[in-house]
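Below: one structure, written as structure tokens.
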Amino acid sequence: MANAFIEPIVKSLSQVILGKEPQIRLALACLLARGHLLLEDLPGMGKTTLAQGLARCLGLGFQRLQFTSDLLPSDILGVAVYRRDTESFQFHPGPIFHQLILVDEVNRATPKTQSALLEAMEEHQVSLDGVTHRLPEPFFVIATQNPAYQIGTFPLPESQLDRFMMRIELGYPDPRMERELLKGRNRREVAAELPACLDKASLQALQDRVPELTVSELLLDYILALVAHTRSAPQVAHGLSPRAGLALLRAAQGYALVHGRDYVLPEDVQAVFPAVAGHRLRPQGAEGHGDQALAQRLMQAVPVPV
Amino acid sequence: MLESLTRPGLLPLLLFSQLIVSAPHLWRLPAWLSGLSLAALLWRYLAERRRLPMAGPWLGGLLALLALGGVFYEFRTIAGREAGVALLVLMSCLKVLELRKRRDAVLLVNLGYFLIGTNFLFSQTMAMATYMLAALWVNTLSQIALNRLDACAQPRELARSAGRLVLLSLPYVLVLFVLFPRLPGPLWRMPDSGGRAVTGMSDTMTPGDVSALSQNDNIAFRVRFEGENPPRGELYWRGLVLAAYDGLTWSAGYTPLRGVPKTELDGGETRHYRIALEPGRYRWLYALDVPAEAAPGTRLRGDYQLLLERPLNDRLNYPMSSLKGYRIGLELTDVARLRFLALPKGDGNSRARIWAQAEFAAAGSPEGFVQRVLRHVHDSPFYYTLNPPILGEAQIDDFWFNQRRGFCEHYAGSFVYLMRAAGVPARVVVGYQGGEANPYGNYLIVRQSDAHAWTEVWLEGQGWKRIDPTSAIAASRVESRLERRFSGLDPLFDPASFGEAAVPDAWADLALYWDSLNSRWNTWVVSFDAERQAEALSNLGLPNWSGAELGYVLAVLLALVLAVGGVLLLREQRALDTIARTFLHLERRLARRGFVRETHEPPAEFLARVARARPAQAEALVAIARLYTTLRYRNSSKPLLLQRELRRQVARLSI
């Protein structure tokens, strides 16, 4: 059963990021569903630690990329260098050729660089000078961005936001956990020492199982009703796209797997809905993308079929 | 949760709807009984709002006894229309004092529908019907609120669905109204409301009788002519013929039962019209001078009165026709001549008798005598007034020579007296004169204030001729309040200077419009009897069904509606599969225990929540949740078996 793999991961990650089990489960669900994750939070909330911990636990190659405004696409994708000895170009893979990539402050890079990254995320491959290079499998991007408006940032357009399966916020830890944090060791060190709970093969096996989890007609009804409601609700300018609906289904399946079930419940859909739909919805009459509260409200207006 | 009435806003709504439903009755009830009812409503409201104590069973019983005693004290009975309804209203208002459980509220609301219906026993006006429709809406609103868990959470939506229900019922109301078999008479005799004052004409005429009516603006009847309305001057609505005088009062006296000679009715042009009498007590009917036929249920007598075969206590709508130019009573028997010449002996009006005989001698002929008397009325200072002085014992003398101020009955009475004194047969006719044309409905409104008395004089070779001595008064001596009325009389000698019709102002216009609505209401709703029903059916192109046939048609229609509704309902039920039905059943049971599932709450989560609150049943609930989840969200190899198991477990759950 999947439980045997997942629960130890949740447990050991909880040692690193204290009191954030729901977010850990969501992040895991996202990863198992082969989606990418956008972490939106203030600096110092443990985004990097979470990414590191995930990489360790899952036994993935980890690379951190700090986005800046002078970063070029080739800085992340890699370059082809001419070699005199072979009289040919040789591809030097960039940092993106890792299994788990943490992109810090994704909104600080220029749109050109951003789109290079997001394209790679979507296609799972990099095309350079007519040669296609496959990215490693599994491939998981955790991007972070600072929610506060800052000078010199390029907010991700909606079409790019859509590439992230989920957007979650870590939020402040509760006081008890924070006290624990202050008393304990440096969490980065703890993260670096986490044992790997999975190997690459078993992770891929889990990922392969996600689309095969049982989804009943009734659950599809519910997902369709949710999507339809976002399209007709007056407080939303643009509803969810079919791709978003698919993401919702996959995320719910991932979440069900994280909970060790081989079938999906409305509870799973509800658990992932704010994270999946929040950044894809634009509220009527307001700038920017919607927040999770809007998604929550929309969700509460849709009855669960019995 | 459904069983108690603690949902916010529900109780005030129930009390409000009770108030609305009983308000028209409370208006009618004796003040202290209404006060008792209102106090009960207020008490219950305060008990809810301010947490005042509720009435215990003892006090409740005492109050009920008090109400029973009160009704008996006021009406001397507890049955019948007035007392029965009073008792019902009182008891339902007192019922709110023990309004605790859902079943109390159900009783109250259902009784409310009945109470709304009882209003029709008292009033059938359009305003009342509108009010009842509104009351129906409010009562339905509480009915819905009572059966919903979120009760008054969305008052707008609640009001809308109640309104929709009421509106949806209207087509059925219409069909039932048109098609329901009408019985020839009332189903049960309405107990005669002895205390109800009925305004209208009496069957005698004493000075002051008609002028008393002239201030009364109530409608006597409405008339709709086929074709043009006759000119105002011809609008004499004949009621009673009064032949006997006792020195004070004119009455019908002994009248032999003789019909009208057929020859008088034949030939000649007739006017056709329909009269809608307002409810009252009638022993005779009115018709335009002179009727050409007997109205249904009446006998047309030799003096052209329409006497009812039995007195009537209701609204009446009858077709009539009248002769246009007429010559009536050309033959006068000796007995009849004596009747129409009779004067009381020793009534003291000797001066009038002598004056009449002298004038007759001077005139030389009856025709000339009539003209002389009318001319005298015009030339002498006779006044037309609503406030005539009180006459002395010798009434005619006092009026004719001293006071000379009077209303139409003074002139008519004196004129007939003078005619008889000179040997010319004459009689008094009372009825109405004139009528206000309503442009919105193309009909005439005749009011009590149009009551009038005039005379008929028998002339050799001409028969009975209508003479209206009131119209001989000089226009300058007509009291300003009576000018409008007088102008309609076709003054005999001088054209009335104020004869122009007053320009109707907006208010009068509105009043006329309102009356036309009321008239239509009365015609098509209140007096929708078997005859009207047949008319309506033939207008709709339907055959003229008898009462029994109508019953069958209605039954078939009803069966059809029920069948269609049933099929639709069944289909909806079938769309809900067994699992959903089982779960909804469970949900309803849990709701009654206060566990309500939010619509967005997944079923398993909901059951887990209930299980946490009810540890004793937790195991059963979790098992049910597991079965449900398996059936709904997993691939199950034996769904039918599990469905049965689910049903069994839900049935076995004791909560």
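Residue numbers start at 1 in each chain; chains themselves are named A, B, ... in the order of the structure tokens; ligands are numbered from 1 in the order shown.
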(request) With a distance cut-off of 8 Å and only C-alpha atoms, select the neighbouring residues of Ala301 (chain A), excluding the residue or stretch itself and same-chain residues fewer than 4 positions from it, and output the selection as a list in words. (result) Arg297 of chain A; Thr599 and His600 of chain B
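Near Leu117 (chain A), within 8 Å and counting only C-alpha atoms, sit Pro73, Ile76, Leu77, Thr113 and Met121 of chain A, not including residues fewer than 4 positions from it in the same chain.
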Closest contacts (chain B/chain A, max 9 Å, only C-alpha atoms) as a Markdown table:
```
| residue | atom | partner | partner_atom | distance |
| --- | --- | --- | --- | --- |
| B:Ile579 | CA | A:Val306 | CA | 8.0 |
| B:Ala580 | CA | A:Val306 | CA | 5.5 |
| B:Arg581 | CA | A:Val306 | CA | 8.9 |
| B:Phe583 | CA | A:Val306 | CA | 7.2 |
| B:Leu584 | CA | A:Val306 | CA | 7.9 |
| B:Glu598 | CA | A:Pro303 | CA | 8.1 |
| B:Thr599 | CA | A:Pro303 | CA | 4.5 |
| B:His600 | CA | A:Pro303 | CA | 4.4 |
| B:Glu601 | CA | A:Val304 | CA | 6.5 |
| B:Pro602 | CA | A:Val304 | CA | 5.8 |
| B:Pro603 | CA | A:Val306 | CA | 6.9 |
| B:Ala604 | CA | A:Glu267 | CA | 8.6 |
| B:Glu605 | CA | A:Glu267 | CA | 7.7 |
| B:Thr629 | CA | A:Leu265 | CA | 8.0 |
| B:Arg632 | CA | A:Ser216 | CA | 6.9 |
| B:Tyr633 | CA | A:Ser216 | CA | 5.1 |
| B:Arg634 | CA | A:Tyr263 | CA | 5.8 |
| B:Asn635 | CA | A:Thr214 | CA | 7.1 |
```
For the selection just defined, write its residues with N, CA, C and O atoms to a file, as a short mmCIF file (atom, residue, chain, number, x, y, z; two decimals), in the first residue's frame.
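Okay, again.cif is ready:
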```
data_model
loop_
_atom_site.label_atom_id
_atom_site.label_comp_id
_atom_site.auth_asym_id
_atom_site.auth_seq_id
_atom_site.Cartn_x
_atom_site.Cartn_y
_atom_site.Cartn_z
N ILE B 579 -29.19 4.52 -3.72
CA ILE B 579 -28.21 4.95 -2.73
C ILE B 579 -28.53 6.36 -2.25
O ILE B 579 -28.56 6.65 -1.05
N ALA B 580 -28.82 7.23 -3.23
CA ALA B 580 -29.12 8.61 -2.87
C ALA B 580 -30.37 8.67 -2.00
O ALA B 580 -30.42 9.39 -1.01
N ARG B 581 -31.39 7.86 -2.38
CA ARG B 581 -32.62 7.88 -1.58
C ARG B 581 -32.34 7.43 -0.17
O ARG B 581 -32.82 8.03 0.80
N PHE B 583 -29.54 7.56 1.41
CA PHE B 583 -28.76 8.57 2.14
C PHE B 583 -29.63 9.76 2.52
O PHE B 583 -29.52 10.27 3.64
N LEU B 584 -30.49 10.20 1.60
CA LEU B 584 -31.34 11.36 1.91
C LEU B 584 -32.28 11.03 3.06
O LEU B 584 -32.58 11.89 3.90
N GLU B 598 -24.36 20.51 5.66
CA GLU B 598 -24.23 21.63 4.73
C GLU B 598 -24.17 21.02 3.34
O GLU B 598 -23.64 19.92 3.16
N THR B 599 -24.68 21.75 2.35
CA THR B 599 -24.72 21.12 1.03
C THR B 599 -23.33 20.82 0.51
O THR B 599 -23.14 19.92 -0.29
N HIS B 600 -22.31 21.59 0.95
CA HIS B 600 -20.98 21.34 0.42
C HIS B 600 -20.20 20.37 1.31
O HIS B 600 -19.02 20.14 1.09
N GLU B 601 -20.86 19.82 2.29
CA GLU B 601 -20.18 18.90 3.19
C GLU B 601 -20.24 17.48 2.61
O GLU B 601 -21.33 16.96 2.37
N PRO B 602 -19.09 16.87 2.37
CA PRO B 602 -19.13 15.51 1.81
C PRO B 602 -19.82 14.57 2.78
O PRO B 602 -19.63 14.68 3.99
N PRO B 603 -20.62 13.63 2.27
CA PRO B 603 -21.40 12.75 3.14
C PRO B 603 -20.57 12.04 4.20
O PRO B 603 -20.97 11.99 5.36
N ALA B 604 -19.42 11.50 3.81
CA ALA B 604 -18.63 10.73 4.78
C ALA B 604 -18.15 11.64 5.92
O ALA B 604 -18.16 11.26 7.08
N GLU B 605 -17.76 12.85 5.52
CA GLU B 605 -17.29 13.81 6.53
C GLU B 605 -18.42 14.14 7.49
O GLU B 605 -18.22 14.25 8.70
N THR B 629 -19.36 5.19 1.02
CA THR B 629 -18.17 5.56 0.25
C THR B 629 -17.81 4.48 -0.75
O THR B 629 -17.50 4.75 -1.91
N ARG B 632 -20.22 4.56 -3.60
CA ARG B 632 -20.19 5.75 -4.43
C ARG B 632 -18.85 5.98 -5.13
O ARG B 632 -18.81 6.46 -6.25
N TYR B 633 -17.76 5.68 -4.45
CA TYR B 633 -16.46 6.15 -4.95
C TYR B 633 -15.47 5.03 -5.23
O TYR B 633 -14.35 5.29 -5.59
N ARG B 634 -15.84 3.78 -5.00
CA ARG B 634 -14.90 2.71 -5.27
C ARG B 634 -15.50 1.75 -6.26
O ARG B 634 -16.71 1.74 -6.49
N ASN B 635 -14.66 0.96 -6.82
CA ASN B 635 -15.16 -0.09 -7.69
C ASN B 635 -15.59 -1.25 -6.81
O ASN B 635 -14.78 -1.82 -6.10
#
```
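Closest to Arg315 (chain B) among B:Val89, B:Ala611, B:Leu277, B:Ala363 is B:Leu277, based on only C-alpha atoms.
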(request) Identify, with DSSP run on backbone atoms, the residues in region 16-131 of chain A assigned to helix (DSSP H, G or I), and express the list as a ChimeraX atom specification. (result) /A:16,21-32,47-58,73-77,106-108,111-123
N, CA and C atoms of the current selection, written as a tab-separated table (two decimals), in the first residue's frame:
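Everything below was put into part_32.tsv:
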```tsv
chain	number	residue	atom	x	y	z
A	16	VAL	N	11.14	18.73	9.85
A	16	VAL	CA	11.88	19.86	9.29
A	16	VAL	C	11.01	21.12	9.26
A	21	GLU	N	1.79	20.17	8.31
A	21	GLU	CA	1.49	18.91	7.67
A	21	GLU	C	0.55	19.04	6.47
A	22	PRO	N	-0.50	19.86	6.56
A	22	PRO	CA	-1.38	19.98	5.38
A	22	PRO	C	-0.61	20.44	4.15
A	23	GLN	N	0.29	21.41	4.34
A	23	GLN	CA	1.05	21.91	3.19
A	23	GLN	C	2.00	20.84	2.66
A	24	ILE	N	2.56	20.09	3.59
A	24	ILE	CA	3.47	19.01	3.17
A	24	ILE	C	2.71	17.99	2.32
A	25	ARG	N	1.51	17.65	2.79
A	25	ARG	CA	0.71	16.68	2.04
A	25	ARG	C	0.33	17.22	0.66
A	26	LEU	N	-0.03	18.50	0.64
A	26	LEU	CA	-0.38	19.10	-0.65
A	26	LEU	C	0.82	19.07	-1.59
A	27	ALA	N	1.98	19.44	-1.05
A	27	ALA	CA	3.19	19.46	-1.88
A	27	ALA	C	3.50	18.07	-2.41
A	28	LEU	N	3.32	17.08	-1.54
A	28	LEU	CA	3.56	15.70	-1.97
A	28	LEU	C	2.56	15.27	-3.04
A	29	ALA	N	1.30	15.66	-2.80
A	29	ALA	CA	0.27	15.31	-3.78
A	29	ALA	C	0.61	15.92	-5.13
A	30	CYS	N	1.09	17.15	-5.10
A	30	CYS	CA	1.44	17.86	-6.32
A	30	CYS	C	2.57	17.12	-7.04
A	31	LEU	N	3.53	16.72	-6.25
A	31	LEU	CA	4.69	16.03	-6.84
A	31	LEU	C	4.28	14.68	-7.42
A	32	LEU	N	3.44	13.94	-6.67
A	32	LEU	CA	3.01	12.63	-7.15
A	32	LEU	C	2.17	12.76	-8.40
A	47	LYS	N	10.52	27.99	2.89
A	47	LYS	CA	10.28	27.47	1.55
A	47	LYS	C	11.46	26.59	1.09
A	48	THR	N	12.66	27.14	1.26
A	48	THR	CA	13.84	26.41	0.81
A	48	THR	C	14.00	25.12	1.61
A	49	THR	N	13.73	25.23	2.89
A	49	THR	CA	13.86	24.05	3.74
A	49	THR	C	12.92	22.95	3.29
A	50	LEU	N	11.72	23.34	2.96
A	50	LEU	CA	10.76	22.36	2.50
A	50	LEU	C	11.26	21.69	1.22
A	51	ALA	N	11.75	22.52	0.30
A	51	ALA	CA	12.24	21.97	-0.97
A	51	ALA	C	13.40	21.02	-0.74
A	52	GLN	N	14.31	21.43	0.10
A	52	GLN	CA	15.47	20.59	0.41
A	52	GLN	C	15.05	19.27	1.04
A	53	GLY	N	14.13	19.42	2.01
A	53	GLY	CA	13.66	18.23	2.71
A	53	GLY	C	13.00	17.26	1.76
A	54	LEU	N	12.18	17.80	0.86
A	54	LEU	CA	11.50	16.96	-0.12
A	54	LEU	C	12.53	16.21	-0.98
A	55	ALA	N	13.51	16.98	-1.42
A	55	ALA	CA	14.54	16.37	-2.29
A	55	ALA	C	15.23	15.24	-1.56
A	56	ARG	N	15.58	15.46	-0.30
A	56	ARG	CA	16.29	14.45	0.46
A	56	ARG	C	15.42	13.20	0.64
A	57	CYS	N	14.19	13.45	1.11
A	57	CYS	CA	13.32	12.33	1.43
A	57	CYS	C	13.05	11.47	0.22
A	58	LEU	N	12.89	12.12	-0.90
A	58	LEU	CA	12.51	11.38	-2.09
A	58	LEU	C	13.72	10.92	-2.87
A	73	PRO	N	18.11	33.04	-20.29
A	73	PRO	CA	17.60	31.68	-20.44
A	73	PRO	C	18.73	30.66	-20.47
A	74	SER	N	19.84	31.04	-21.12
A	74	SER	CA	20.92	30.06	-21.23
A	74	SER	C	21.53	29.75	-19.87
A	75	ASP	N	21.36	30.67	-18.94
A	75	ASP	CA	21.89	30.44	-17.60
A	75	ASP	C	21.18	29.30	-16.89
A	76	ILE	N	19.97	29.05	-17.31
A	76	ILE	CA	19.27	27.93	-16.66
A	76	ILE	C	19.20	26.70	-17.56
A	77	LEU	N	19.08	26.92	-18.86
A	77	LEU	CA	18.91	25.77	-19.73
A	77	LEU	C	20.24	25.12	-20.09
A	106	VAL	N	10.85	33.64	-8.47
A	106	VAL	CA	10.65	33.44	-9.90
A	106	VAL	C	10.19	34.71	-10.59
A	107	ASN	N	9.60	35.63	-9.86
A	107	ASN	CA	9.09	36.84	-10.49
A	107	ASN	C	10.15	37.94	-10.62
A	108	ARG	N	11.39	37.64	-10.23
A	108	ARG	CA	12.41	38.67	-10.39
A	108	ARG	C	13.08	38.59	-11.76
A	111	PRO	N	10.69	38.31	-18.29
A	111	PRO	CA	9.71	37.39	-18.88
A	111	PRO	C	10.35	36.37	-19.80
A	112	LYS	N	11.39	36.76	-20.49
A	112	LYS	CA	12.04	35.83	-21.41
A	112	LYS	C	12.58	34.60	-20.66
A	113	THR	N	13.27	34.88	-19.58
A	113	THR	CA	13.82	33.80	-18.79
A	113	THR	C	12.72	32.97	-18.15
A	114	GLN	N	11.74	33.69	-17.62
A	114	GLN	CA	10.60	33.00	-17.01
A	114	GLN	C	9.99	32.02	-17.98
A	115	SER	N	9.78	32.51	-19.21
A	115	SER	CA	9.07	31.65	-20.15
A	115	SER	C	9.94	30.47	-20.57
A	116	ALA	N	11.26	30.66	-20.59
A	116	ALA	CA	12.14	29.54	-20.88
A	116	ALA	C	11.97	28.45	-19.82
A	117	LEU	N	11.90	28.89	-18.59
A	117	LEU	CA	11.74	27.93	-17.49
A	117	LEU	C	10.39	27.22	-17.58
A	118	LEU	N	9.37	28.03	-17.78
A	118	LEU	CA	8.03	27.46	-17.73
A	118	LEU	C	7.78	26.52	-18.90
A	119	GLU	N	8.43	26.86	-20.04
A	119	GLU	CA	8.30	25.98	-21.19
A	119	GLU	C	8.93	24.62	-20.90
A	120	ALA	N	10.09	24.70	-20.31
A	120	ALA	CA	10.78	23.46	-19.94
A	120	ALA	C	9.95	22.64	-18.97
A	121	MET	N	9.30	23.36	-18.03
A	121	MET	CA	8.45	22.68	-17.05
A	121	MET	C	7.32	21.92	-17.73
A	122	GLU	N	6.74	22.59	-18.71
A	122	GLU	CA	5.57	22.00	-19.35
A	122	GLU	C	5.97	20.83	-20.24
A	123	GLU	N	7.05	21.04	-21.01
A	123	GLU	CA	7.40	20.03	-22.00
A	123	GLU	C	8.27	18.91	-21.44
```
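Residues in contact range of region 346-353 of chain B, defined as at most 8 Å between only C-alpha atoms, with sequence neighbours fewer than 6 positions away removed, read Gly247, Glu393, Ala394, Gln395, Ile396, Asp397, Trp400, Leu418, Ala421 and Ala422 of chain B.
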Output all heavy atoms for every residue in that selection, as an mmCIF file, in the first residue's frame.
```cif
data_model
loop_
_atom_site.group_PDB
_atom_site.id
_atom_site.type_symbol
_atom_site.label_atom_id
_atom_site.label_comp_id
_atom_site.auth_asym_id
_atom_site.auth_seq_id
_atom_site.Cartn_x
_atom_site.Cartn_y
_atom_site.Cartn_z
ATOM 1 N N GLY B 247 -103.061 60.862 5.739
ATOM 2 C CA GLY B 247 -102.862 62.184 6.316
ATOM 3 C C GLY B 247 -101.419 62.421 6.702
ATOM 4 O O GLY B 247 -101.007 63.555 6.938
ATOM 5 N N GLU B 393 -99.940 69.751 11.669
ATOM 6 C CA GLU B 393 -100.810 68.598 11.622
ATOM 7 C C GLU B 393 -101.481 68.454 10.260
ATOM 8 O O GLU B 393 -101.552 67.368 9.706
ATOM 9 C CB GLU B 393 -101.866 68.713 12.721
ATOM 10 C CG GLU B 393 -102.328 67.365 13.201
ATOM 11 C CD GLU B 393 -102.863 67.466 14.613
ATOM 12 O OE1 GLU B 393 -102.089 67.797 15.527
ATOM 13 O OE2 GLU B 393 -104.064 67.230 14.781
ATOM 14 N N ALA B 394 -101.971 69.583 9.755
ATOM 15 C CA ALA B 394 -102.546 69.552 8.417
ATOM 16 C C ALA B 394 -101.399 69.724 7.437
ATOM 17 O O ALA B 394 -101.046 70.827 7.041
ATOM 18 C CB ALA B 394 -103.563 70.676 8.254
ATOM 19 N N GLN B 395 -100.843 68.573 7.065
ATOM 20 C CA GLN B 395 -99.567 68.600 6.351
ATOM 21 C C GLN B 395 -99.638 69.331 5.025
ATOM 22 O O GLN B 395 -98.790 70.141 4.704
ATOM 23 C CB GLN B 395 -99.118 67.171 6.111
ATOM 24 C CG GLN B 395 -98.634 66.506 7.364
ATOM 25 C CD GLN B 395 -97.574 65.493 7.036
ATOM 26 O OE1 GLN B 395 -97.434 65.095 5.890
ATOM 27 N NE2 GLN B 395 -96.820 65.110 8.046
ATOM 28 N N ILE B 396 -100.672 69.003 4.245
ATOM 29 C CA ILE B 396 -100.742 69.541 2.886
ATOM 30 C C ILE B 396 -100.937 71.055 2.952
ATOM 31 O O ILE B 396 -100.239 71.830 2.282
ATOM 32 C CB ILE B 396 -101.880 68.867 2.097
ATOM 33 C CG1 ILE B 396 -101.766 67.350 2.173
ATOM 34 C CG2 ILE B 396 -101.874 69.351 0.652
ATOM 35 C CD1 ILE B 396 -100.552 66.763 1.515
ATOM 36 N N ASP B 397 -101.870 71.477 3.783
ATOM 37 C CA ASP B 397 -102.122 72.907 3.933
ATOM 38 C C ASP B 397 -100.859 73.637 4.339
ATOM 39 O O ASP B 397 -100.501 74.674 3.761
ATOM 40 C CB ASP B 397 -103.195 73.148 5.011
ATOM 41 C CG ASP B 397 -104.590 73.056 4.410
ATOM 42 O OD1 ASP B 397 -104.667 72.679 3.206
ATOM 43 O OD2 ASP B 397 -105.559 73.349 5.126
ATOM 44 N N TRP B 400 -98.340 73.643 1.434
ATOM 45 C CA TRP B 400 -98.731 74.307 0.186
ATOM 46 C C TRP B 400 -98.859 75.818 0.384
ATOM 47 O O TRP B 400 -98.534 76.600 -0.514
ATOM 48 C CB TRP B 400 -100.028 73.695 -0.313
ATOM 49 C CG TRP B 400 -100.265 73.963 -1.775
ATOM 50 C CD1 TRP B 400 -101.217 74.784 -2.300
ATOM 51 C CD2 TRP B 400 -99.535 73.419 -2.872
ATOM 52 N NE1 TRP B 400 -101.136 74.783 -3.654
ATOM 53 C CE2 TRP B 400 -100.095 73.945 -4.040
ATOM 54 C CE3 TRP B 400 -98.463 72.530 -2.963
ATOM 55 C CZ2 TRP B 400 -99.627 73.630 -5.307
ATOM 56 C CZ3 TRP B 400 -98.011 72.212 -4.217
ATOM 57 C CH2 TRP B 400 -98.577 72.761 -5.381
ATOM 58 N N LEU B 418 -103.808 67.278 -4.213
ATOM 59 C CA LEU B 418 -104.558 68.340 -4.890
ATOM 60 C C LEU B 418 -105.327 67.767 -6.079
ATOM 61 O O LEU B 418 -106.472 68.135 -6.321
ATOM 62 C CB LEU B 418 -103.596 69.438 -5.364
ATOM 63 C CG LEU B 418 -102.944 70.230 -4.227
ATOM 64 C CD1 LEU B 418 -101.828 71.111 -4.751
ATOM 65 C CD2 LEU B 418 -103.988 71.056 -3.483
ATOM 66 N N ALA B 421 -108.283 65.918 -4.798
ATOM 67 C CA ALA B 421 -109.256 66.836 -4.231
ATOM 68 C C ALA B 421 -110.106 67.428 -5.351
ATOM 69 O O ALA B 421 -111.288 67.735 -5.163
ATOM 70 C CB ALA B 421 -108.542 67.936 -3.454
ATOM 71 N N ALA B 422 -109.493 67.573 -6.562
ATOM 72 C CA ALA B 422 -110.229 68.146 -7.669
ATOM 73 C C ALA B 422 -110.887 67.077 -8.523
ATOM 74 O O ALA B 422 -111.448 67.397 -9.575
ATOM 75 C CB ALA B 422 -109.288 68.988 -8.528
#
```
(request) Name all residues at most 9 Å from Arg250 (chain A) (count only C-alpha atoms; drop same-chain ones fewer than 5 positions away) and give them as a PyMOL selection string. (result) chain A and resi 29-30+33-35+210-211+245+255
Skip region 81-96 of chain A itself and residues of its chain fewer than 6 positions away, then list as a compact mmCIF listing (two decimals) with N, CA, C and O atoms, in the first residue's frame all residues within 10 Å of it, counting only C-alpha atoms.
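Output below, filename around00.txt:
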```txt
# COMPACT_ATOMS: atom_id res chain seq x y z
N PHE A 62 18.95 17.74 -6.26
CA PHE A 62 18.37 19.02 -5.92
C PHE A 62 19.24 20.15 -6.43
O PHE A 62 20.45 20.13 -6.33
N GLN A 63 18.61 21.15 -7.01
CA GLN A 63 19.36 22.31 -7.44
C GLN A 63 18.54 23.56 -7.14
O GLN A 63 17.35 23.61 -7.36
N ARG A 64 19.25 24.56 -6.61
CA ARG A 64 18.56 25.79 -6.31
C ARG A 64 18.96 26.85 -7.31
O ARG A 64 20.11 26.98 -7.68
N LEU A 65 17.96 27.56 -7.78
CA LEU A 65 18.20 28.61 -8.77
C LEU A 65 17.68 29.92 -8.21
O LEU A 65 16.52 30.04 -7.90
N PRO A 73 18.11 33.04 -20.29
CA PRO A 73 17.60 31.68 -20.44
C PRO A 73 18.73 30.66 -20.47
O PRO A 73 18.61 29.58 -19.89
N SER A 74 19.84 31.04 -21.12
CA SER A 74 20.92 30.06 -21.23
C SER A 74 21.53 29.75 -19.87
O SER A 74 22.11 28.69 -19.67
N ASP A 75 21.36 30.67 -18.94
CA ASP A 75 21.89 30.44 -17.60
C ASP A 75 21.18 29.30 -16.89
O ASP A 75 21.72 28.70 -15.97
N LEU A 102 14.54 24.18 -7.15
CA LEU A 102 13.91 25.25 -6.38
C LEU A 102 14.25 26.56 -7.06
O LEU A 102 15.42 26.94 -7.15
N VAL A 103 13.26 27.21 -7.61
CA VAL A 103 13.48 28.51 -8.25
C VAL A 103 13.08 29.58 -7.27
O VAL A 103 11.89 29.75 -6.96
N LEU A 117 11.90 28.89 -18.59
CA LEU A 117 11.74 27.93 -17.49
C LEU A 117 10.39 27.22 -17.58
O LEU A 117 10.31 25.99 -17.50
N ALA A 120 10.09 24.70 -20.31
CA ALA A 120 10.78 23.46 -19.94
C ALA A 120 9.95 22.64 -18.97
O ALA A 120 9.86 21.41 -19.06
N MET A 121 9.30 23.36 -18.03
CA MET A 121 8.45 22.68 -17.05
C MET A 121 7.32 21.92 -17.73
O MET A 121 7.00 20.79 -17.37
N GLN A 125 11.30 18.98 -21.42
CA GLN A 125 12.46 18.86 -22.31
C GLN A 125 12.96 20.25 -22.68
O GLN A 125 12.26 21.24 -22.51
N VAL A 126 14.19 20.30 -23.15
CA VAL A 126 14.80 21.56 -23.54
C VAL A 126 15.25 21.43 -24.98
O VAL A 126 15.93 20.45 -25.34
N LEU A 128 17.42 23.09 -27.95
CA LEU A 128 18.47 24.08 -28.19
C LEU A 128 19.15 23.77 -29.51
O LEU A 128 19.57 22.63 -29.72
N ASP A 129 19.24 24.77 -30.36
CA ASP A 129 19.88 24.60 -31.67
C ASP A 129 19.35 23.37 -32.38
O ASP A 129 20.10 22.59 -32.98
N VAL A 131 18.29 20.66 -31.24
CA VAL A 131 18.46 19.37 -30.56
C VAL A 131 17.60 19.38 -29.32
O VAL A 131 17.55 20.36 -28.58
N HIS A 133 16.72 17.98 -25.72
CA HIS A 133 17.32 17.27 -24.57
C HIS A 133 16.24 16.99 -23.57
O HIS A 133 15.55 17.90 -23.11
N LEU A 135 14.61 16.22 -20.07
CA LEU A 135 14.94 16.54 -18.69
C LEU A 135 14.89 15.25 -17.90
O LEU A 135 14.23 14.30 -18.31
N PRO A 136 15.54 15.21 -16.78
CA PRO A 136 15.52 13.97 -15.99
C PRO A 136 14.12 13.67 -15.47
O PRO A 136 13.28 14.55 -15.36
N PHE A 139 10.72 15.07 -12.65
CA PHE A 139 11.15 16.44 -12.74
C PHE A 139 10.12 17.29 -12.01
O PHE A 139 8.93 17.26 -12.34
N VAL A 141 9.44 21.11 -10.15
CA VAL A 141 9.89 22.48 -9.90
C VAL A 141 9.09 23.08 -8.76
O VAL A 141 7.86 23.01 -8.76
```
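Interatomic distance, CA of Ala511 (chain B) to CA of Gly441 (chain B): 12.3 Å.
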(message) Using only C-alpha atoms for the distances, tell me which of B:Gly233, B:Thr204, B:Gln462, B:Arg592 is nearest to Asn147 (chain B).
(response) B:Arg592
